[in-house]
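S.K.: I'd like to ask you about the structure that follows.
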Amino acid sequence: MKFFYTLLSMLFLSIPQFMVAQAPKEVFIKAGKLFDSAKGVLVSNQVIQVKGNVIENVGSNLTIPQGAEVIDLSAYTVLPGLIDAHVHLLYLESLKSDLSTEGIKAVVMEGDALRALRASARAKTFLEAGITTVKDLGNSGQFLDVALKRAINEGAVVGPRMFVSGPILSSEGGQFPGVLHKHKHLASEEYRIIKGKEDAINAVRENITYGADIIKICSNNTPNNTSLTIDEMKAIVNMAHRYGKKVTAHATDNEAVWEAVMAGVDGIEHGYEVADSTLKLMASKGIPLVPTDASKKIMAKYLEAQDFQGNKEETIKGILADQHDRLSRAIQHGVTIVAGSDMYINMEEPQGNAAKSVLVSYHEAGMKPLEILKAATINSAKFMGLENRLGVLKKGAWADIIAVKGDVEANFPETIFNVVFVMKNGKKYVGE
Ligand SMILES: [Zn+2]
């Protein structure tokens, strides 16, 4: 082996002597308004110089050379590509069903090949909706997320940048309630079932070996009823941090959030019933919350399809009031909000579009449009330690750039769906 490495490095060293590198393609983008995510403000009349896959420069007084390629977005608002911090591209649930039934169906009736093919079509809808980066947090069989990411990176499939978790580390049963004991192995086809501290350590090593960028755990297993212990979660966190990987926890009730926070996780998903005292602790430790909330429209459609028999209006009002209250309390206590849709339900529209309804839910809860955009760009990038590359339009960032038509501040819920331009990694996917 060593011989070949030596040979290879000699070849690379000699390349510049007989090859002239081709200059990366350059393009200038004129932006009517541009969202400066670091400052959280809109600025006017900016030009973005893109060289290859990177932003070379941004400013109001850039000179555009004669004959240079220009993309004129001066009628629009230009944003960093959106980041959805909580997706499941390899899993889709029918509106009428539930995670238990559909999860098992995915394992025993859908299978890896069909899941991956469907996911590749789904991935395209995210990119076309302006979501240029996703964090894919499990329910992907055994590392199908890693395969999809590879296919996208190779250009075989069109989709967003993916950061993937591999199988979710979970306690007995995973998130498949109602399975008979004799079929309990089914959960192991979708989750990595943890059996104690030593096993937890091995699970982290496994996931990292086979391609995980981040470790996702189920602090509690909702809708199932078991949970990891603080000691198991601590072991996971220590091991993941040893390899420079973040840990984020599915945690719905207050106890699950509190225990995950005490174990040292880096992020909390959902946190529907989190208490003020836990939110304060999260704020003091700099742990962000990913509120995977539903908009009014999505909630109404869901209850309609589920053939809900109670008072629909009142039920929706109650659920939304709880979500809004939790989001407001989190913001009030200084918790960073990272936008994540968890949109795994088939809303019978392009799935990437449906995913953006989470941003509308934040708006309905009273968040200001530019704060929502920060949650969907730079806050997410910061969590990944990539705030100089992602979720920001500045020199040195990857050229993930989108444009929307309309007034993003005055009419956020409509404007965010009017995506007229999408560029990912310097390549244009939507727009003339
Ligand atoms: Zn999820």
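Convention: chains lettered A, B, ... in structure tokens order; per-chain residue numbering from 1; ligands numbered from 1 as shown.
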Chain A near ligand 1 within 7 Å: what's each residue's closest atom pair and its distance in Å to one decimal, counting only C-alpha atoms and all ligand atoms, ordered by chain then ascending residue number, as JSON lines?

M.R.:
{"residue": "A:His86", "atom": "CA", "partner": "ligand 1", "partner_atom_place_in_ligand_line": "1 (Zn)", "distance": 6.2}
{"residue": "A:Val87", "atom": "CA", "partner": "ligand 1", "partner_atom_place_in_ligand_line": "1 (Zn)", "distance": 6.3}
{"residue": "A:His88", "atom": "CA", "partner": "ligand 1", "partner_atom_place_in_ligand_line": "1 (Zn)", "distance": 6.5}
{"residue": "A:Leu137", "atom": "CA", "partner": "ligand 1", "partner_atom_place_in_ligand_line": "1 (Zn)", "distance": 6.4}
{"residue": "A:Asp342", "atom": "CA", "partner": "ligand 1", "partner_atom_place_in_ligand_line": "1 (Zn)", "distance": 4.7}

S.K.: Please produce a file of the residues just selected, as a short mmCIF file (atom, residue, chain, number, x, y, z; two decimals), in the first residue's frame, where the atoms kept are C-alpha atoms.

M.R.:
data_model
loop_
_atom_site.label_atom_id
_atom_site.label_comp_id
_atom_site.auth_asym_id
_atom_site.auth_seq_id
_atom_site.Cartn_x
_atom_site.Cartn_y
_atom_site.Cartn_z
CA HIS A 86 -34.46 18.37 10.91
CA VAL A 87 -35.54 16.23 7.96
CA HIS A 88 -36.12 12.57 7.15
CA LEU A 137 -31.79 12.87 11.43
CA ASP A 342 -39.47 17.29 10.67
#

S.K.: At most 7 Å is the cut-off: for each residue in range 92-137 of chain A with any atom that close to an atom of range 152-161 of chain A, write down the nearest atom pair and the distance in Å rounded to one decimal, counting only C-alpha atoms, chain first then increasing number, as a tab-separated table.

M.R.:
residue	atom	partner	partner_atom	distance
A:Ser120	CA	A:Val157	CA	6.3
A:Ala123	CA	A:Gly159	CA	4.6
A:Lys124	CA	A:Gly159	CA	4.6
A:Phe126	CA	A:Pro160	CA	6.7
A:Leu127	CA	A:Pro160	CA	5.2
A:Ile131	CA	A:Pro160	CA	6.6
A:Thr132	CA	A:Pro160	CA	4.5
A:Thr133	CA	A:Arg161	CA	4.5
A:Val134	CA	A:Arg161	CA	6.2

S.K.: Could you write out that same residue set with N, CA, C and O atoms as a PDB file, in the first residue's frame?

M.R.:
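The file below, again-v7.pdb, is the result:
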ATOM      1  N   SER A 120     -34.633  10.178  -3.458  1.00  0.00           N
ATOM      2  CA  SER A 120     -33.875  11.014  -4.394  1.00  0.00           C
ATOM      3  C   SER A 120     -34.812  12.004  -5.090  1.00  0.00           C
ATOM      4  O   SER A 120     -34.443  13.154  -5.321  1.00  0.00           O
ATOM      5  N   ALA A 123     -35.614  14.643  -2.430  1.00  0.00           N
ATOM      6  CA  ALA A 123     -34.479  15.541  -2.179  1.00  0.00           C
ATOM      7  C   ALA A 123     -34.516  16.727  -3.151  1.00  0.00           C
ATOM      8  O   ALA A 123     -34.246  17.867  -2.768  1.00  0.00           O
ATOM      9  N   LYS A 124     -34.882  16.450  -4.388  1.00  0.00           N
ATOM     10  CA  LYS A 124     -34.934  17.500  -5.419  1.00  0.00           C
ATOM     11  C   LYS A 124     -35.950  18.577  -5.033  1.00  0.00           C
ATOM     12  O   LYS A 124     -35.703  19.767  -5.244  1.00  0.00           O
ATOM     13  N   PHE A 126     -36.707  19.622  -2.127  1.00  0.00           N
ATOM     14  CA  PHE A 126     -36.135  20.489  -1.090  1.00  0.00           C
ATOM     15  C   PHE A 126     -35.237  21.546  -1.741  1.00  0.00           C
ATOM     16  O   PHE A 126     -35.340  22.727  -1.429  1.00  0.00           O
ATOM     17  N   LEU A 127     -34.382  21.100  -2.645  1.00  0.00           N
ATOM     18  CA  LEU A 127     -33.483  22.051  -3.299  1.00  0.00           C
ATOM     19  C   LEU A 127     -34.290  23.085  -4.081  1.00  0.00           C
ATOM     20  O   LEU A 127     -34.014  24.285  -4.017  1.00  0.00           O
ATOM     21  N   ILE A 131     -34.205  25.161  -0.132  1.00  0.00           N
ATOM     22  CA  ILE A 131     -33.507  24.560   1.017  1.00  0.00           C
ATOM     23  C   ILE A 131     -32.250  23.892   0.455  1.00  0.00           C
ATOM     24  O   ILE A 131     -32.313  22.814  -0.126  1.00  0.00           O
ATOM     25  N   THR A 132     -31.119  24.563   0.609  1.00  0.00           N
ATOM     26  CA  THR A 132     -29.891  24.075  -0.024  1.00  0.00           C
ATOM     27  C   THR A 132     -29.084  23.162   0.893  1.00  0.00           C
ATOM     28  O   THR A 132     -28.141  22.528   0.444  1.00  0.00           O
ATOM     29  N   THR A 133     -29.469  23.133   2.179  1.00  0.00           N
ATOM     30  CA  THR A 133     -28.794  22.247   3.133  1.00  0.00           C
ATOM     31  C   THR A 133     -29.824  21.618   4.064  1.00  0.00           C
ATOM     32  O   THR A 133     -30.761  22.295   4.490  1.00  0.00           O
ATOM     33  N   VAL A 134     -29.637  20.328   4.360  1.00  0.00           N
ATOM     34  CA  VAL A 134     -30.489  19.680   5.371  1.00  0.00           C
ATOM     35  C   VAL A 134     -29.630  18.901   6.358  1.00  0.00           C
ATOM     36  O   VAL A 134     -28.546  18.431   6.025  1.00  0.00           O
TER      37      VAL A 134
END

S.K.: Taking the DSSP assignment computed from this structure's backbone, write out as a VMD selection string all residues of range 92-322 of chain A that belong to alpha helix (DSSP H).

M.R.: chain A and resid 99 to 105 111 to 128 144 to 154 185 to 188 197 to 209 230 to 242 254 to 263 276 to 285 296 to 305 312 to 322

S.K.: Hey, what's within 10 Å of range 347-363 of chain A if we count only C-alpha atoms and toss same-chain stuff fewer than 5 positions away? As a PyMOL selection string, please?

M.R.: chain A and resi 82+84+86-87+89+92-95+121-131+291-298+301-302+320+323-324+327-328+337+339-342+368-369+371-373+375-376+412-414+416-417

S.K.: Show me, as a ChimeraX atom specification, the residues that have an atom within 8 Å of Leu62 in chain A when counting only C-alpha atoms, minus same-chain residues fewer than 3 positions from it.

M.R.: /A:47,58-59

S.K.: For Ile48 in chain A, which of A:Ile29, A:Ile64, A:Ala106, A:Leu279 is the closest residue, counting only C-alpha atoms?

M.R.: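 Of all the options, A:Ile29 lies closest to Ile48 in chain A.
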
S.K.: Which one is closest to Ala275 in chain A: A:Val290, A:Ala256, A:Met384, A:Ala300? Count only C-alpha atoms.

M.R.: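 Of all the options, A:Ala256 lies closest to Ala275 in chain A.
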
S.K.: Show me, as a PyMOL selection string, the residues that have an atom within 10 Å of Glu255 in chain A when counting only C-alpha atoms, minus same-chain residues fewer than 2 positions from it.

M.R.: chain A and resi 219-220+251-253+257-261+271+273-275+278

S.K.: Emit the selected residues as a PDB file, in the first residue's frame, including N, CA, C and O atoms.

M.R.:
ATOM      1  N   SER A 219     -33.749  10.756  23.460  1.00  0.00           N
ATOM      2  CA  SER A 219     -33.721  10.827  24.917  1.00  0.00           C
ATOM      3  C   SER A 219     -34.937  10.074  25.443  1.00  0.00           C
ATOM      4  O   SER A 219     -34.821   9.200  26.286  1.00  0.00           O
ATOM      5  N   ASN A 220     -36.111  10.414  24.931  1.00  0.00           N
ATOM      6  CA  ASN A 220     -37.269   9.531  25.106  1.00  0.00           C
ATOM      7  C   ASN A 220     -37.704   9.071  23.713  1.00  0.00           C
ATOM      8  O   ASN A 220     -37.290   9.643  22.707  1.00  0.00           O
ATOM      9  N   ALA A 251     -36.354  14.945  22.110  1.00  0.00           N
ATOM     10  CA  ALA A 251     -36.822  15.009  23.495  1.00  0.00           C
ATOM     11  C   ALA A 251     -38.111  15.807  23.499  1.00  0.00           C
ATOM     12  O   ALA A 251     -38.110  16.975  23.109  1.00  0.00           O
ATOM     13  N   THR A 252     -39.189  15.170  23.916  1.00  0.00           N
ATOM     14  CA  THR A 252     -40.488  15.860  23.820  1.00  0.00           C
ATOM     15  C   THR A 252     -40.943  16.427  25.162  1.00  0.00           C
ATOM     16  O   THR A 252     -41.274  17.592  25.252  1.00  0.00           O
ATOM     17  N   ASP A 253     -40.920  15.597  26.224  1.00  0.00           N
ATOM     18  CA  ASP A 253     -41.392  16.149  27.506  1.00  0.00           C
ATOM     19  C   ASP A 253     -40.224  16.772  28.279  1.00  0.00           C
ATOM     20  O   ASP A 253     -39.065  16.647  27.897  1.00  0.00           O
ATOM     21  N   VAL A 257     -35.944  16.360  28.000  1.00  0.00           N
ATOM     22  CA  VAL A 257     -35.077  17.488  27.627  1.00  0.00           C
ATOM     23  C   VAL A 257     -34.040  17.713  28.726  1.00  0.00           C
ATOM     24  O   VAL A 257     -32.842  17.809  28.465  1.00  0.00           O
ATOM     25  N   TRP A 258     -34.517  17.752  29.974  1.00  0.00           N
ATOM     26  CA  TRP A 258     -33.630  18.044  31.104  1.00  0.00           C
ATOM     27  C   TRP A 258     -32.511  16.996  31.195  1.00  0.00           C
ATOM     28  O   TRP A 258     -31.342  17.338  31.354  1.00  0.00           O
ATOM     29  N   GLU A 259     -32.893  15.724  31.057  1.00  0.00           N
ATOM     30  CA  GLU A 259     -31.881  14.658  31.164  1.00  0.00           C
ATOM     31  C   GLU A 259     -30.855  14.745  30.033  1.00  0.00           C
ATOM     32  O   GLU A 259     -29.655  14.564  30.260  1.00  0.00           O
ATOM     33  N   ALA A 260     -31.329  15.036  28.821  1.00  0.00           N
ATOM     34  CA  ALA A 260     -30.406  15.157  27.691  1.00  0.00           C
ATOM     35  C   ALA A 260     -29.448  16.331  27.908  1.00  0.00           C
ATOM     36  O   ALA A 260     -28.251  16.232  27.632  1.00  0.00           O
ATOM     37  N   VAL A 261     -29.984  17.428  28.422  1.00  0.00           N
ATOM     38  CA  VAL A 261     -29.156  18.611  28.694  1.00  0.00           C
ATOM     39  C   VAL A 261     -28.116  18.276  29.770  1.00  0.00           C
ATOM     40  O   VAL A 261     -26.932  18.609  29.637  1.00  0.00           O
ATOM     41  N   GLY A 271     -38.879  19.462  21.968  1.00  0.00           N
ATOM     42  CA  GLY A 271     -39.054  20.116  23.275  1.00  0.00           C
ATOM     43  C   GLY A 271     -40.448  20.687  23.488  1.00  0.00           C
ATOM     44  O   GLY A 271     -40.602  21.774  24.054  1.00  0.00           O
ATOM     45  N   GLU A 273     -42.832  20.125  25.533  1.00  0.00           N
ATOM     46  CA  GLU A 273     -43.336  20.414  26.889  1.00  0.00           C
ATOM     47  C   GLU A 273     -42.223  20.879  27.826  1.00  0.00           C
ATOM     48  O   GLU A 273     -42.258  20.610  29.028  1.00  0.00           O
ATOM     49  N   VAL A 274     -41.262  21.570  27.294  1.00  0.00           N
ATOM     50  CA  VAL A 274     -40.111  21.970  28.110  1.00  0.00           C
ATOM     51  C   VAL A 274     -40.484  23.084  29.097  1.00  0.00           C
ATOM     52  O   VAL A 274     -41.240  24.001  28.763  1.00  0.00           O
ATOM     53  N   ALA A 275     -39.966  22.962  30.304  1.00  0.00           N
ATOM     54  CA  ALA A 275     -40.271  23.941  31.356  1.00  0.00           C
ATOM     55  C   ALA A 275     -39.307  25.123  31.300  1.00  0.00           C
ATOM     56  O   ALA A 275     -38.213  25.019  30.739  1.00  0.00           O
ATOM     57  N   THR A 278     -35.750  24.491  32.548  1.00  0.00           N
ATOM     58  CA  THR A 278     -34.898  23.751  31.601  1.00  0.00           C
ATOM     59  C   THR A 278     -34.453  24.670  30.461  1.00  0.00           C
ATOM     60  O   THR A 278     -33.309  24.596  30.002  1.00  0.00           O
TER      61      THR A 278
END

S.K.: Please measure the separation of CA of Asp213 in chain A and CA of Leu281 in chain A, giving the value in Å to one decimal.

M.R.: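 One can read the CA of Asp213 in chain A to CA of Leu281 in chain A distance as 26.0 Å.
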
S.K.: Considering only C-alpha atoms, can you say which of A:Asn418, A:Lys394, A:Ser165, A:Ile71 comes closest to Lys39 in chain A?

M.R.: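 Result for the nearest residue to Lys39 in chain A: A:Lys394.
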